[in-house]
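Undergrad: Dumping the structure here so I can ask a few things about it.
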Amino acid sequence: MCTALIYSDADGRSYLGRTLELTIDLPYQVVFLPPGFAASSQIAGHPALAYTSRHGFLSLTMPWRVPTPDAPLGLGDLKVVEGLNDQGLAFSLLSYPAAAGKPQAVEMTRAVLSVADLGSWVLGQFSTVAEVKAALAEQPVLLQALPILRGAVSPFHYVVNDATGASMVIEFQQGEMSLHDNPVRVMTNGPQFDWHLTNLDNYTHLLNVDRPTATFGSYKAAQPDSGIATAGLPSSSTSVGRFIRAVYYATFTEKAASPDAAVRTLAHVMNNFDRPRGVSIDYPEGGGGHMEVEGLEADHAQPYATEFTTWTSLSDLGRKLFFVREYAGMNFTRIDLDGLAEVREPRVIALRKLGDATPDATQTLKAASPAAFHQPGH
């Protein structure tokens with residue numbers, strides 16, 4: 001479903017790469033919200049939690065519900081899937097079906113944050129992972145059923161990375177929130193994060209140094225090619241296999257000498273997690289489960305479901321640059337948050353409108369008309 005990892009260059013600067021895999025292409029929106037944007041989050045039975053963004057941020061979003069003629073979508077309906085703010089703080093949402101469970105006990109008089117708004121709350125309010133961790137220690141967060149996912153209860157976990165190199169995982173296990181420092185700065189999907197770390201203990205033999213020769217009895221074996229060092233990596237596209245491979249690539253990939261070279265290197269790394277249609281398929285009778293989206297049907301041209309990399313993003317946390325590539329293209333589109341610093345109204349543009357032929361969309365987004373979306377209550 002998703003792979004996220006941090007790559008560091010020769011000077012220790014951090015770059016986030018992330019893929020998203022689904023069986024269908026969704027109507028993602030690129031959203032920029034400026035500092036001073038007022039928002040609110042509400043769970044039924046609790047007072048609304050109001051907050052105002054201190055930092056501008058760019059995000060890839062999905063609506064949390066299906067629009068109707070009487071209730072068109074507002075900005076508050078667009079929920080962050082991936083984002084980067086003007087302080088170099090990044091937020092990533094990754095699939096994690098085990099999140100749902102009995103709600104936490106919170107006083108009904110207390111304002112709570114819907115986990116669906118966690119991305120905008122984090123990116124708009126904070127500069128570092130340490131700030132996010134401190135704030136979450138005081139702010140109750142509750143899961144919420146999502147109409148767009150046919151009532152599924154927030155089946156995700158969340159990764160926050162910052163320009164200092166800090167990383168954390170926010171996870172809900174059967175409804176209970178837990179916060180984890182992320183020493184490997186990698187995340188995929190289930191099982192829970194601490195399970196992935198324990199499983200990593202089974203891979204202490206991994207090293208990027210080839211051992212191309214060996215002697216067995218009197219026979220001297222020799223590899224005809226390089227690359228035997230990767231033979232110990234799991235080959236499947238499962239969450240467990242991708243986690244190990246992501247740690248390997250993040251650890252051993254050569255450290256680039258400049259930020260531009262680092263972005264290119266990260267793009268090569270993320271190509272290892274790019275999944276074309278048909279590489280793995282699931283027939284309905286096989287019991288494979290996939291995310292079902294209200295109002296959008298899977299491609300019925302084939303009698304099976306196949307996950308593919310709908311988009312890949314790269315974030316330069318130091319220079320506040322965001323890059324994104326859809327499945328239909330091979331080139332990344334670049335957006336510079338510093339170039340949006342003077343924008344004082346929200347901007348929204350469909351991801352598919354950027355296209356493979358738009359190398360830099362900063363001015364395209366900047367010149368767009370202010371968002372036609374209406375923020376309810378503001």
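Numbering starts fresh at 1 for the residues of each chain in the structure tokens, the chains themselves are lettered A, B, ... in the order given, and ligands are numbered from 1 as they appear.
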Near segment 208-220 of chain A, within 7 Å and counting only C-alpha atoms, which residues show up once chain neighbours fewer than 2 positions away are dropped, as a ChimeraX atom specification?
TA: /A:206,222-223,226-230,252
Undergrad: Using only N, CA, C and O atoms, please write the residues we just selected to a file, as a PDB file, in the first residue's frame.
TA:
```pdb
ATOM      1  N   LEU A 206      22.574  -8.427   6.919  1.00  0.00           N
ATOM      2  CA  LEU A 206      22.558  -7.609   5.705  1.00  0.00           C
ATOM      3  C   LEU A 206      23.746  -6.656   5.655  1.00  0.00           C
ATOM      4  O   LEU A 206      24.065  -5.981   6.635  1.00  0.00           O
ATOM      5  N   ALA A 222      32.377 -18.682  -8.060  1.00  0.00           N
ATOM      6  CA  ALA A 222      32.557 -17.253  -8.334  1.00  0.00           C
ATOM      7  C   ALA A 222      31.321 -16.707  -9.030  1.00  0.00           C
ATOM      8  O   ALA A 222      30.796 -17.336  -9.959  1.00  0.00           O
ATOM      9  N   GLN A 223      30.882 -15.553  -8.576  1.00  0.00           N
ATOM     10  CA  GLN A 223      29.745 -14.881  -9.195  1.00  0.00           C
ATOM     11  C   GLN A 223      30.153 -14.271 -10.530  1.00  0.00           C
ATOM     12  O   GLN A 223      31.218 -13.660 -10.638  1.00  0.00           O
ATOM     13  N   SER A 226      27.973  -8.538 -10.364  1.00  0.00           N
ATOM     14  CA  SER A 226      27.904  -7.930  -9.040  1.00  0.00           C
ATOM     15  C   SER A 226      26.459  -7.922  -8.542  1.00  0.00           C
ATOM     16  O   SER A 226      25.528  -8.117  -9.315  1.00  0.00           O
ATOM     17  N   GLY A 227      26.259  -7.690  -7.238  1.00  0.00           N
ATOM     18  CA  GLY A 227      24.924  -7.560  -6.692  1.00  0.00           C
ATOM     19  C   GLY A 227      24.502  -8.673  -5.757  1.00  0.00           C
ATOM     20  O   GLY A 227      23.365  -8.673  -5.271  1.00  0.00           O
ATOM     21  N   ILE A 228      25.390  -9.621  -5.447  1.00  0.00           N
ATOM     22  CA  ILE A 228      25.012 -10.728  -4.584  1.00  0.00           C
ATOM     23  C   ILE A 228      24.691 -10.249  -3.162  1.00  0.00           C
ATOM     24  O   ILE A 228      23.997 -10.933  -2.405  1.00  0.00           O
ATOM     25  N   ALA A 229      25.136  -9.050  -2.803  1.00  0.00           N
ATOM     26  CA  ALA A 229      24.875  -8.535  -1.451  1.00  0.00           C
ATOM     27  C   ALA A 229      23.384  -8.396  -1.175  1.00  0.00           C
ATOM     28  O   ALA A 229      22.959  -8.473  -0.019  1.00  0.00           O
ATOM     29  N   THR A 230      22.577  -8.204  -2.199  1.00  0.00           N
ATOM     30  CA  THR A 230      21.137  -8.000  -1.992  1.00  0.00           C
ATOM     31  C   THR A 230      20.359  -9.307  -1.964  1.00  0.00           C
ATOM     32  O   THR A 230      19.140  -9.293  -1.834  1.00  0.00           O
ATOM     33  N   PHE A 252      22.254   2.073   3.040  1.00  0.00           N
ATOM     34  CA  PHE A 252      23.443   1.790   2.250  1.00  0.00           C
ATOM     35  C   PHE A 252      23.577   2.588   0.954  1.00  0.00           C
ATOM     36  O   PHE A 252      24.650   2.594   0.351  1.00  0.00           O
TER      37      PHE A 252
END
```
Undergrad: Compile the contact shell of Ser178 of chain A as a ChimeraX atom specification: residues with an atom at most 12 Å away, counting only C-alpha atoms, same-chain residues fewer than 2 positions apart removed.
TA: /A:99,104,133,136-137,140-141,157-158,168-176,180-181,192-194
Undergrad: Quick one: of A:Ser167, A:Ser59, A:Thr3, A:Thr128, who's nearest to Val184 of chain A, counting only C-alpha atoms?
TA: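 Of A:Ser167, A:Ser59, A:Thr3, A:Thr128, the one nearest Val184 of chain A is A:Ser167, counting only C-alpha atoms.
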Undergrad: Do a neighbour search on segment 81-96 of chain A at 9 Å with only C-alpha atoms, toss out local chain neighbours closer than 5 positions, and write the hits as number ranges by chain.
TA: A: 1-4, 16, 18, 20, 55-62, 119-120, 122-124, 126-129, 154-164, 171-172, 187-192, 313, 315-322, 337-338, 341
Undergrad: Please list as a list in words every residue within 10 Å of Ala152 of chain A, counting only C-alpha atoms and excluding residues in the same chain fewer than 3 positions away.
TA: Pro97, Ala100, Gln144, Ala145, Leu146, Pro147, Ile148, Leu149, Pro155, Met291, Glu292 and Val293 of chain A
Undergrad: How would the residues just picked look written out with C-alpha atoms as a PDB file, in the first residue's frame?
TA:
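Saved as selection-v6.pdb:
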```
ATOM      1  CA  PRO A  97      -6.293  -1.541   8.981  1.00  0.00           C
ATOM      2  CA  ALA A 100      -9.960   0.676  14.509  1.00  0.00           C
ATOM      3  CA  GLN A 144     -13.631   8.612  12.924  1.00  0.00           C
ATOM      4  CA  ALA A 145     -15.660   6.601  10.420  1.00  0.00           C
ATOM      5  CA  LEU A 146     -14.954   7.866   6.896  1.00  0.00           C
ATOM      6  CA  PRO A 147     -17.909   7.939   4.475  1.00  0.00           C
ATOM      7  CA  ILE A 148     -15.556   8.011   1.462  1.00  0.00           C
ATOM      8  CA  LEU A 149     -14.197   4.626   2.628  1.00  0.00           C
ATOM      9  CA  PRO A 155      -7.519   2.629   8.803  1.00  0.00           C
ATOM     10  CA  MET A 291      -9.641  -0.294   0.182  1.00  0.00           C
ATOM     11  CA  GLU A 292     -13.123   0.402  -1.162  1.00  0.00           C
ATOM     12  CA  VAL A 293     -13.911   4.011  -2.050  1.00  0.00           C
TER      13      VAL A 293
END
```
Undergrad: Could you check the closest approach to Asp336 of chain A for each of A:Phe32, A:Lys353, A:Ile43, A:Trp195 and tell me which residue wins, using only C-alpha atoms?
TA: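 Closest to Asp336 of chain A of all the choices is A:Phe32.
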Undergrad: Report as a PyMOL selection string: the residues of segment 38-273 of chain A with a DSSP assignment of alpha helix (DSSP H), based on the backbone of this structure.
TA: chain A and resi 118-125+129-136+193-200+239-252+259-271
Undergrad: Just write the chosen residues, N, CA and C atoms, as a compact mmCIF listing (two decimals), in the first residue's frame.
TA:
```txt
# COMPACT_ATOMS: atom_id res chain seq x y z
N LEU A 118 -5.61 15.30 11.45
CA LEU A 118 -4.29 15.28 12.06
C LEU A 118 -3.23 15.92 11.17
N GLY A 119 -3.32 15.66 9.85
CA GLY A 119 -2.31 16.21 8.94
C GLY A 119 -2.30 17.71 8.90
N SER A 120 -3.47 18.34 8.76
CA SER A 120 -3.51 19.81 8.70
C SER A 120 -3.15 20.43 10.04
N TRP A 121 -3.54 19.78 11.14
CA TRP A 121 -3.21 20.26 12.48
C TRP A 121 -1.70 20.22 12.71
N VAL A 122 -1.05 19.12 12.33
CA VAL A 122 0.40 18.97 12.49
C VAL A 122 1.15 19.95 11.61
N LEU A 123 0.84 19.98 10.32
CA LEU A 123 1.60 20.80 9.38
C LEU A 123 1.38 22.29 9.62
N GLY A 124 0.18 22.67 10.02
CA GLY A 124 -0.11 24.08 10.24
C GLY A 124 0.40 24.63 11.54
N GLN A 125 0.59 23.75 12.53
CA GLN A 125 0.90 24.23 13.87
C GLN A 125 2.37 24.14 14.28
N VAL A 129 9.37 17.55 15.09
CA VAL A 129 8.77 16.35 15.67
C VAL A 129 8.61 16.51 17.17
N ALA A 130 9.58 17.12 17.83
CA ALA A 130 9.51 17.32 19.28
C ALA A 130 8.28 18.13 19.66
N GLU A 131 7.97 19.16 18.89
CA GLU A 131 6.77 19.96 19.16
C GLU A 131 5.50 19.15 18.98
N VAL A 132 5.46 18.33 17.95
CA VAL A 132 4.28 17.50 17.70
C VAL A 132 4.08 16.52 18.84
N LYS A 133 5.15 15.89 19.27
CA LYS A 133 5.06 14.91 20.35
C LYS A 133 4.55 15.56 21.63
N ALA A 134 5.07 16.74 21.96
CA ALA A 134 4.63 17.43 23.16
C ALA A 134 3.16 17.82 23.07
N ALA A 135 2.72 18.27 21.90
CA ALA A 135 1.33 18.68 21.73
C ALA A 135 0.38 17.49 21.83
N LEU A 136 0.77 16.36 21.27
CA LEU A 136 -0.09 15.18 21.30
C LEU A 136 -0.21 14.60 22.69
N PHE A 193 4.25 -0.78 14.34
CA PHE A 193 5.61 -0.33 14.11
C PHE A 193 6.63 -1.10 14.94
N ASP A 194 6.36 -1.34 16.24
CA ASP A 194 7.37 -2.01 17.06
C ASP A 194 7.59 -3.46 16.59
N TRP A 195 6.56 -4.07 15.96
CA TRP A 195 6.77 -5.40 15.37
C TRP A 195 7.80 -5.33 14.25
N HIS A 196 7.70 -4.30 13.40
CA HIS A 196 8.67 -4.16 12.31
C HIS A 196 10.09 -4.03 12.85
N LEU A 197 10.27 -3.27 13.93
CA LEU A 197 11.61 -3.13 14.51
C LEU A 197 12.12 -4.46 15.04
N THR A 198 11.24 -5.22 15.70
CA THR A 198 11.65 -6.53 16.19
C THR A 198 12.03 -7.45 15.04
N ASN A 199 11.25 -7.41 13.96
CA ASN A 199 11.56 -8.24 12.79
C ASN A 199 12.89 -7.85 12.17
N LEU A 200 13.26 -6.57 12.28
CA LEU A 200 14.55 -6.13 11.75
C LEU A 200 15.72 -6.84 12.43
N SER A 239 4.07 -5.54 3.06
CA SER A 239 4.52 -4.49 3.97
C SER A 239 5.78 -4.90 4.71
N VAL A 240 5.83 -6.15 5.17
CA VAL A 240 6.98 -6.64 5.92
C VAL A 240 8.23 -6.65 5.04
N GLY A 241 8.11 -7.14 3.82
CA GLY A 241 9.25 -7.17 2.92
C GLY A 241 9.73 -5.78 2.53
N ARG A 242 8.78 -4.88 2.25
CA ARG A 242 9.16 -3.52 1.86
C ARG A 242 9.83 -2.76 2.99
N PHE A 243 9.42 -3.01 4.23
CA PHE A 243 10.05 -2.34 5.36
C PHE A 243 11.55 -2.67 5.40
N ILE A 244 11.89 -3.95 5.27
CA ILE A 244 13.29 -4.36 5.32
C ILE A 244 14.07 -3.76 4.15
N ARG A 245 13.48 -3.82 2.96
CA ARG A 245 14.18 -3.27 1.79
C ARG A 245 14.37 -1.76 1.93
N ALA A 246 13.36 -1.07 2.47
CA ALA A 246 13.47 0.38 2.63
C ALA A 246 14.58 0.74 3.61
N VAL A 247 14.70 -0.01 4.72
CA VAL A 247 15.78 0.22 5.67
C VAL A 247 17.13 0.01 4.98
N TYR A 248 17.23 -1.05 4.18
CA TYR A 248 18.47 -1.36 3.47
C TYR A 248 18.88 -0.22 2.54
N TYR A 249 17.95 0.23 1.71
CA TYR A 249 18.28 1.29 0.75
C TYR A 249 18.57 2.61 1.46
N ALA A 250 17.82 2.92 2.50
CA ALA A 250 18.07 4.16 3.24
C ALA A 250 19.43 4.13 3.92
N THR A 251 19.87 2.96 4.34
CA THR A 251 21.14 2.82 5.06
C THR A 251 22.33 2.82 4.13
N PHE A 252 22.25 2.07 3.04
CA PHE A 252 23.44 1.79 2.25
C PHE A 252 23.58 2.59 0.95
N PRO A 259 22.37 18.86 -2.53
CA PRO A 259 20.92 18.64 -2.46
C PRO A 259 20.30 18.19 -3.78
N ASP A 260 20.71 18.79 -4.90
CA ASP A 260 20.14 18.37 -6.18
C ASP A 260 20.46 16.91 -6.47
N ALA A 261 21.71 16.52 -6.20
CA ALA A 261 22.10 15.12 -6.42
C ALA A 261 21.35 14.20 -5.45
N ALA A 262 21.08 14.69 -4.25
CA ALA A 262 20.35 13.89 -3.27
C ALA A 262 18.92 13.61 -3.73
N VAL A 263 18.26 14.61 -4.29
CA VAL A 263 16.90 14.40 -4.79
C VAL A 263 16.90 13.37 -5.92
N ARG A 264 17.87 13.47 -6.81
CA ARG A 264 17.96 12.49 -7.89
C ARG A 264 18.21 11.08 -7.34
N THR A 265 19.10 11.00 -6.35
CA THR A 265 19.40 9.71 -5.75
C THR A 265 18.17 9.12 -5.08
N LEU A 266 17.43 9.95 -4.36
CA LEU A 266 16.22 9.49 -3.71
C LEU A 266 15.21 8.98 -4.74
N ALA A 267 15.11 9.66 -5.87
CA ALA A 267 14.20 9.20 -6.93
C ALA A 267 14.59 7.80 -7.39
N HIS A 268 15.89 7.53 -7.51
CA HIS A 268 16.34 6.19 -7.88
C HIS A 268 15.97 5.18 -6.80
N VAL A 269 16.15 5.57 -5.54
CA VAL A 269 15.79 4.68 -4.44
C VAL A 269 14.31 4.32 -4.50
N MET A 270 13.46 5.33 -4.68
CA MET A 270 12.01 5.08 -4.67
C MET A 270 11.56 4.27 -5.88
N ASN A 271 12.35 4.27 -6.96
CA ASN A 271 12.01 3.43 -8.11
C ASN A 271 11.97 1.95 -7.73
```
Undergrad: Please provide the set of residues having any atom within 7 Å of segment 46-50 of chain A, restricted to only C-alpha atoms, with same-chain residues fewer than 2 positions apart removed, written as a ChimeraX atom specification.
TA: /A:39-44,108-113
